[in-house]
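The next block holds one structure in the form of structure tokens; read it before the comments.
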Amino acid sequence: MAFADSNRLWLSPGTLRLTFLSKGGENEVFYDGAATIVKLNNFEYAGDDLENFFIRIRAHNRFFANVPYRLVGFARNSRGEFCAVLTQPYVKARREATEDEIAHVMQALGFEMDYPDEYHNTEYKVFDVVPNNVLCGIDGELYFIDTQLRPLKR
């Protein structure tokens, strides 16, 4: 928190004009009403190594560059937990992606399917790749908005 305070990265989501959308395992998700999704990420899936969180963000942005995450600061969520504040472009979706569409894109990105919702390549494992985490935009493109990436080795 001292780092966030001294670098003016401490945000108060209550003062922002955001609409609550949903809550998952690690994120509280909000919409700014224009073009941005704001996620308060409590680092739950980072494990004991916080560096893993930043590796996951970097990997997401590498493979799913059409919906990149941007770290904009830190805050407390509704449960008072210390969180990273991430933004991501809002996707105007036509529908959820199908498993076949997801598999096609993942294979094009060099991943092999382990299970219908899990893939891997030589560097990463990607999981929670399910239709409600992958949207088909009004432009016909797929947007991987909330998958989990983990490095295979470090």
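Order determines the names: the first chain of the structure tokens is A, the second B, and so forth; residues in each chain are numbered 1 upward, and ligands are numbered 1 upward as they are shown.
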Contacts of stretch 89-102 of chain A at 10 Å (only C-alpha atoms; same-chain gap of 6+ positions) as a VMD selection string: chain A and resid 31 to 38 66 to 70 108 116 to 117 129 to 145
Writer output for current selection, N, CA, C and O atoms, as a compact mmCIF listing (two decimals), in the first residue's frame:
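Printed below is part-v8.txt as written:
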```
# COMPACT_ATOMS: atom_id res chain seq x y z
N TYR A 31 -18.40 -1.76 -15.19
CA TYR A 31 -18.43 -1.15 -16.52
C TYR A 31 -18.51 0.36 -16.34
O TYR A 31 -19.27 0.86 -15.51
N ASP A 32 -17.73 1.09 -17.13
CA ASP A 32 -17.72 2.55 -16.99
C ASP A 32 -18.81 3.23 -17.80
O ASP A 32 -18.92 4.45 -17.80
N GLY A 33 -19.62 2.46 -18.52
CA GLY A 33 -20.72 3.02 -19.31
C GLY A 33 -20.32 3.48 -20.69
O GLY A 33 -21.16 3.92 -21.46
N ALA A 34 -19.05 3.38 -21.02
CA ALA A 34 -18.59 3.85 -22.32
C ALA A 34 -17.85 2.75 -23.08
O ALA A 34 -18.40 2.14 -23.98
N ALA A 35 -16.61 2.50 -22.70
CA ALA A 35 -15.80 1.57 -23.49
C ALA A 35 -14.87 0.71 -22.65
O ALA A 35 -14.03 0.02 -23.21
N THR A 36 -15.00 0.75 -21.33
CA THR A 36 -14.01 0.09 -20.49
C THR A 36 -14.63 -0.77 -19.40
O THR A 36 -15.59 -0.36 -18.75
N ILE A 37 -14.04 -1.94 -19.22
CA ILE A 37 -14.35 -2.82 -18.10
C ILE A 37 -13.27 -2.57 -17.05
O ILE A 37 -12.09 -2.44 -17.38
N VAL A 38 -13.67 -2.51 -15.80
CA VAL A 38 -12.73 -2.34 -14.69
C VAL A 38 -12.86 -3.57 -13.80
O VAL A 38 -13.96 -3.95 -13.41
N ASN A 66 -6.36 -8.30 -28.46
CA ASN A 66 -7.54 -7.48 -28.79
C ASN A 66 -8.35 -7.10 -27.56
O ASN A 66 -9.26 -6.27 -27.65
N VAL A 67 -8.03 -7.67 -26.39
CA VAL A 67 -8.65 -7.28 -25.12
C VAL A 67 -7.57 -7.25 -24.03
O VAL A 67 -7.63 -7.98 -23.05
N PRO A 68 -6.59 -6.36 -24.19
CA PRO A 68 -5.48 -6.35 -23.24
C PRO A 68 -5.89 -5.83 -21.87
O PRO A 68 -6.80 -5.00 -21.73
N TYR A 69 -5.19 -6.33 -20.86
CA TYR A 69 -5.32 -5.80 -19.52
C TYR A 69 -4.34 -4.65 -19.35
O TYR A 69 -3.22 -4.69 -19.89
N ARG A 70 -4.74 -3.66 -18.59
CA ARG A 70 -3.85 -2.55 -18.24
C ARG A 70 -3.98 -2.33 -16.73
O ARG A 70 -5.08 -2.15 -16.22
N ALA A 108 -4.76 -22.12 -33.72
CA ALA A 108 -4.07 -21.14 -34.55
C ALA A 108 -2.99 -20.40 -33.75
O ALA A 108 -1.98 -19.97 -34.31
N PRO A 116 -11.76 -29.88 -23.07
CA PRO A 116 -12.49 -28.82 -23.80
C PRO A 116 -12.26 -27.40 -23.26
O PRO A 116 -12.41 -26.44 -24.00
N ASP A 117 -11.85 -27.26 -22.00
CA ASP A 117 -11.63 -25.91 -21.45
C ASP A 117 -10.18 -25.66 -21.07
O ASP A 117 -9.88 -24.66 -20.42
N VAL A 129 -11.18 -21.83 -20.34
CA VAL A 129 -11.45 -21.34 -21.69
C VAL A 129 -12.83 -21.87 -22.09
O VAL A 129 -12.95 -22.82 -22.86
N VAL A 130 -13.84 -21.26 -21.50
CA VAL A 130 -15.22 -21.69 -21.70
C VAL A 130 -15.99 -20.59 -22.41
O VAL A 130 -15.58 -19.42 -22.39
N PRO A 131 -17.11 -20.94 -23.06
CA PRO A 131 -17.84 -19.94 -23.85
C PRO A 131 -18.18 -18.64 -23.11
O PRO A 131 -18.10 -17.57 -23.72
N ASN A 132 -18.52 -18.69 -21.82
CA ASN A 132 -18.86 -17.41 -21.18
C ASN A 132 -17.63 -16.56 -20.86
O ASN A 132 -17.76 -15.40 -20.49
N ASN A 133 -16.43 -17.09 -21.05
CA ASN A 133 -15.19 -16.31 -20.90
C ASN A 133 -14.59 -15.92 -22.24
O ASN A 133 -13.55 -15.27 -22.29
N VAL A 134 -15.23 -16.35 -23.31
CA VAL A 134 -14.79 -16.02 -24.66
C VAL A 134 -16.03 -15.55 -25.43
O VAL A 134 -16.98 -16.30 -25.59
N LEU A 135 -15.98 -14.32 -25.89
CA LEU A 135 -17.14 -13.74 -26.56
C LEU A 135 -16.90 -13.61 -28.06
O LEU A 135 -15.76 -13.39 -28.49
N CYS A 136 -17.96 -13.74 -28.82
CA CYS A 136 -17.92 -13.45 -30.25
C CYS A 136 -18.46 -12.04 -30.41
O CYS A 136 -19.64 -11.78 -30.14
N GLY A 137 -17.59 -11.14 -30.83
CA GLY A 137 -17.97 -9.74 -30.96
C GLY A 137 -18.88 -9.49 -32.14
O GLY A 137 -19.05 -10.34 -33.02
N ILE A 138 -19.47 -8.31 -32.17
CA ILE A 138 -20.34 -7.95 -33.30
C ILE A 138 -19.55 -7.89 -34.60
O ILE A 138 -20.13 -7.93 -35.68
N ASP A 139 -18.21 -7.84 -34.48
CA ASP A 139 -17.34 -7.85 -35.66
C ASP A 139 -16.97 -9.28 -36.09
O ASP A 139 -16.21 -9.46 -37.03
N GLY A 140 -17.47 -10.29 -35.36
CA GLY A 140 -17.18 -11.68 -35.70
C GLY A 140 -15.89 -12.21 -35.09
O GLY A 140 -15.61 -13.40 -35.20
N GLU A 141 -15.10 -11.35 -34.46
CA GLU A 141 -13.86 -11.77 -33.83
C GLU A 141 -14.14 -12.38 -32.46
O GLU A 141 -15.14 -12.05 -31.82
N LEU A 142 -13.22 -13.26 -32.00
CA LEU A 142 -13.34 -13.82 -30.66
C LEU A 142 -12.51 -12.99 -29.69
O LEU A 142 -11.41 -12.54 -30.01
N TYR A 143 -13.07 -12.82 -28.48
CA TYR A 143 -12.43 -12.04 -27.43
C TYR A 143 -12.34 -12.89 -26.17
O TYR A 143 -13.36 -13.24 -25.58
N PHE A 144 -11.12 -13.23 -25.79
CA PHE A 144 -10.85 -14.06 -24.62
C PHE A 144 -10.74 -13.12 -23.42
O PHE A 144 -9.67 -12.61 -23.11
N ILE A 145 -11.88 -12.89 -22.75
CA ILE A 145 -11.96 -11.84 -21.75
C ILE A 145 -11.59 -12.28 -20.34
O ILE A 145 -11.28 -11.45 -19.50
```
Strand (DSSP E or B) call set, DSSP backbone run, stretch 37-138 of chain A, as a PyMOL selection string: chain A and resi 37-41+70-76+82-89+93-96+112-115+118-120+124-127+134-137
For A:Val105, the nearest of the candidates A:Phe63, A:Thr87, A:Tyr124, A:Asp48, counting only C-alpha atoms: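 Nearest candidate to A:Val105 out of A:Phe63, A:Thr87, A:Tyr124, A:Asp48: A:Phe63.
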Contact residues around A:Asp49 with only C-alpha atoms at 12 Å, ignoring same-chain residues under 6 positions, as a list of chain:residue names: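 Close residues of A:Asp49: A:Phe43, A:Ile55, A:Arg56, A:Arg150, A:Arg154.
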Just the selected residues (N, CA, C and O atoms), exported as a PDB file, in the first residue's frame, please.
```pdb
ATOM      1  N   PHE A  43      -5.927 -11.126  -6.459  1.00  0.00           N
ATOM      2  CA  PHE A  43      -4.728 -11.974  -6.545  1.00  0.00           C
ATOM      3  C   PHE A  43      -4.972 -13.413  -6.083  1.00  0.00           C
ATOM      4  O   PHE A  43      -4.023 -14.163  -5.876  1.00  0.00           O
ATOM      5  N   ILE A  55       2.970 -12.227 -14.577  1.00  0.00           N
ATOM      6  CA  ILE A  55       3.269 -13.137 -15.692  1.00  0.00           C
ATOM      7  C   ILE A  55       1.984 -13.467 -16.444  1.00  0.00           C
ATOM      8  O   ILE A  55       1.947 -13.462 -17.673  1.00  0.00           O
ATOM      9  N   ARG A  56       0.926 -13.735 -15.698  1.00  0.00           N
ATOM     10  CA  ARG A  56      -0.375 -14.056 -16.311  1.00  0.00           C
ATOM     11  C   ARG A  56      -0.908 -12.885 -17.135  1.00  0.00           C
ATOM     12  O   ARG A  56      -1.422 -13.071 -18.234  1.00  0.00           O
ATOM     13  N   ARG A 150      -1.128 -19.926 -17.004  1.00  0.00           N
ATOM     14  CA  ARG A 150      -0.066 -20.256 -16.048  1.00  0.00           C
ATOM     15  C   ARG A 150       1.163 -20.698 -16.831  1.00  0.00           C
ATOM     16  O   ARG A 150       1.054 -21.460 -17.785  1.00  0.00           O
ATOM     17  N   ARG A 154       9.262 -22.360 -14.760  1.00  0.00           N
ATOM     18  CA  ARG A 154       9.898 -21.061 -14.471  1.00  0.00           C
ATOM     19  C   ARG A 154      11.282 -21.308 -13.951  1.00  0.00           C
ATOM     20  O   ARG A 154      11.643 -22.255 -13.411  1.00  0.00           O
TER      21      ARG A 154
END
```
Proximity to A:Arg76 - best of A:Val29, A:Leu149, A:Leu11, A:Ile57, only C-alpha atoms: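 The shortest atom-to-atom distance to A:Arg76 comes from A:Leu11.
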Report as a tab-separated table the residues of stretch 83-148 of chain A within 12 Å of stretch 50-54 of chain A, each with its shortest atom pair and distance in Å (one decimal), using only C-alpha atoms, ordered by chain and increasing residue number.
```
residue	atom	partner	partner_atom	distance
A:Cys83	CA	A:Phe53	CA	11.3
A:Ala84	CA	A:Phe53	CA	9.7
A:Leu86	CA	A:Phe54	CA	11.4
A:Tyr124	CA	A:Asn52	CA	12.0
A:Gln148	CA	A:Phe53	CA	10.2
```
Using the selection just defined, write its residues with N, CA and C atoms as a short mmCIF file (atom, residue, chain, number, x, y, z; two decimals), in the first residue's frame.
```cif
data_model
loop_
_atom_site.label_atom_id
_atom_site.label_comp_id
_atom_site.auth_asym_id
_atom_site.auth_seq_id
_atom_site.Cartn_x
_atom_site.Cartn_y
_atom_site.Cartn_z
N CYS A 83 -6.39 -5.11 -3.86
CA CYS A 83 -6.58 -5.57 -5.23
C CYS A 83 -5.80 -4.74 -6.23
N ALA A 84 -5.48 -5.38 -7.34
CA ALA A 84 -5.00 -4.65 -8.51
C ALA A 84 -6.23 -4.15 -9.25
N LEU A 86 -7.51 -3.36 -12.79
CA LEU A 86 -7.19 -3.62 -14.19
C LEU A 86 -8.30 -3.05 -15.06
N TYR A 124 2.95 -22.25 -21.78
CA TYR A 124 1.81 -21.93 -20.92
C TYR A 124 0.71 -22.98 -20.95
N GLN A 148 -7.58 -18.13 -17.75
CA GLN A 148 -6.47 -18.21 -16.81
C GLN A 148 -5.26 -18.77 -17.53
#
```
Atomic distance atom CA of A:Leu71 - atom CA of A:Val126, expressed in Å with one decimal: 20.7 Å
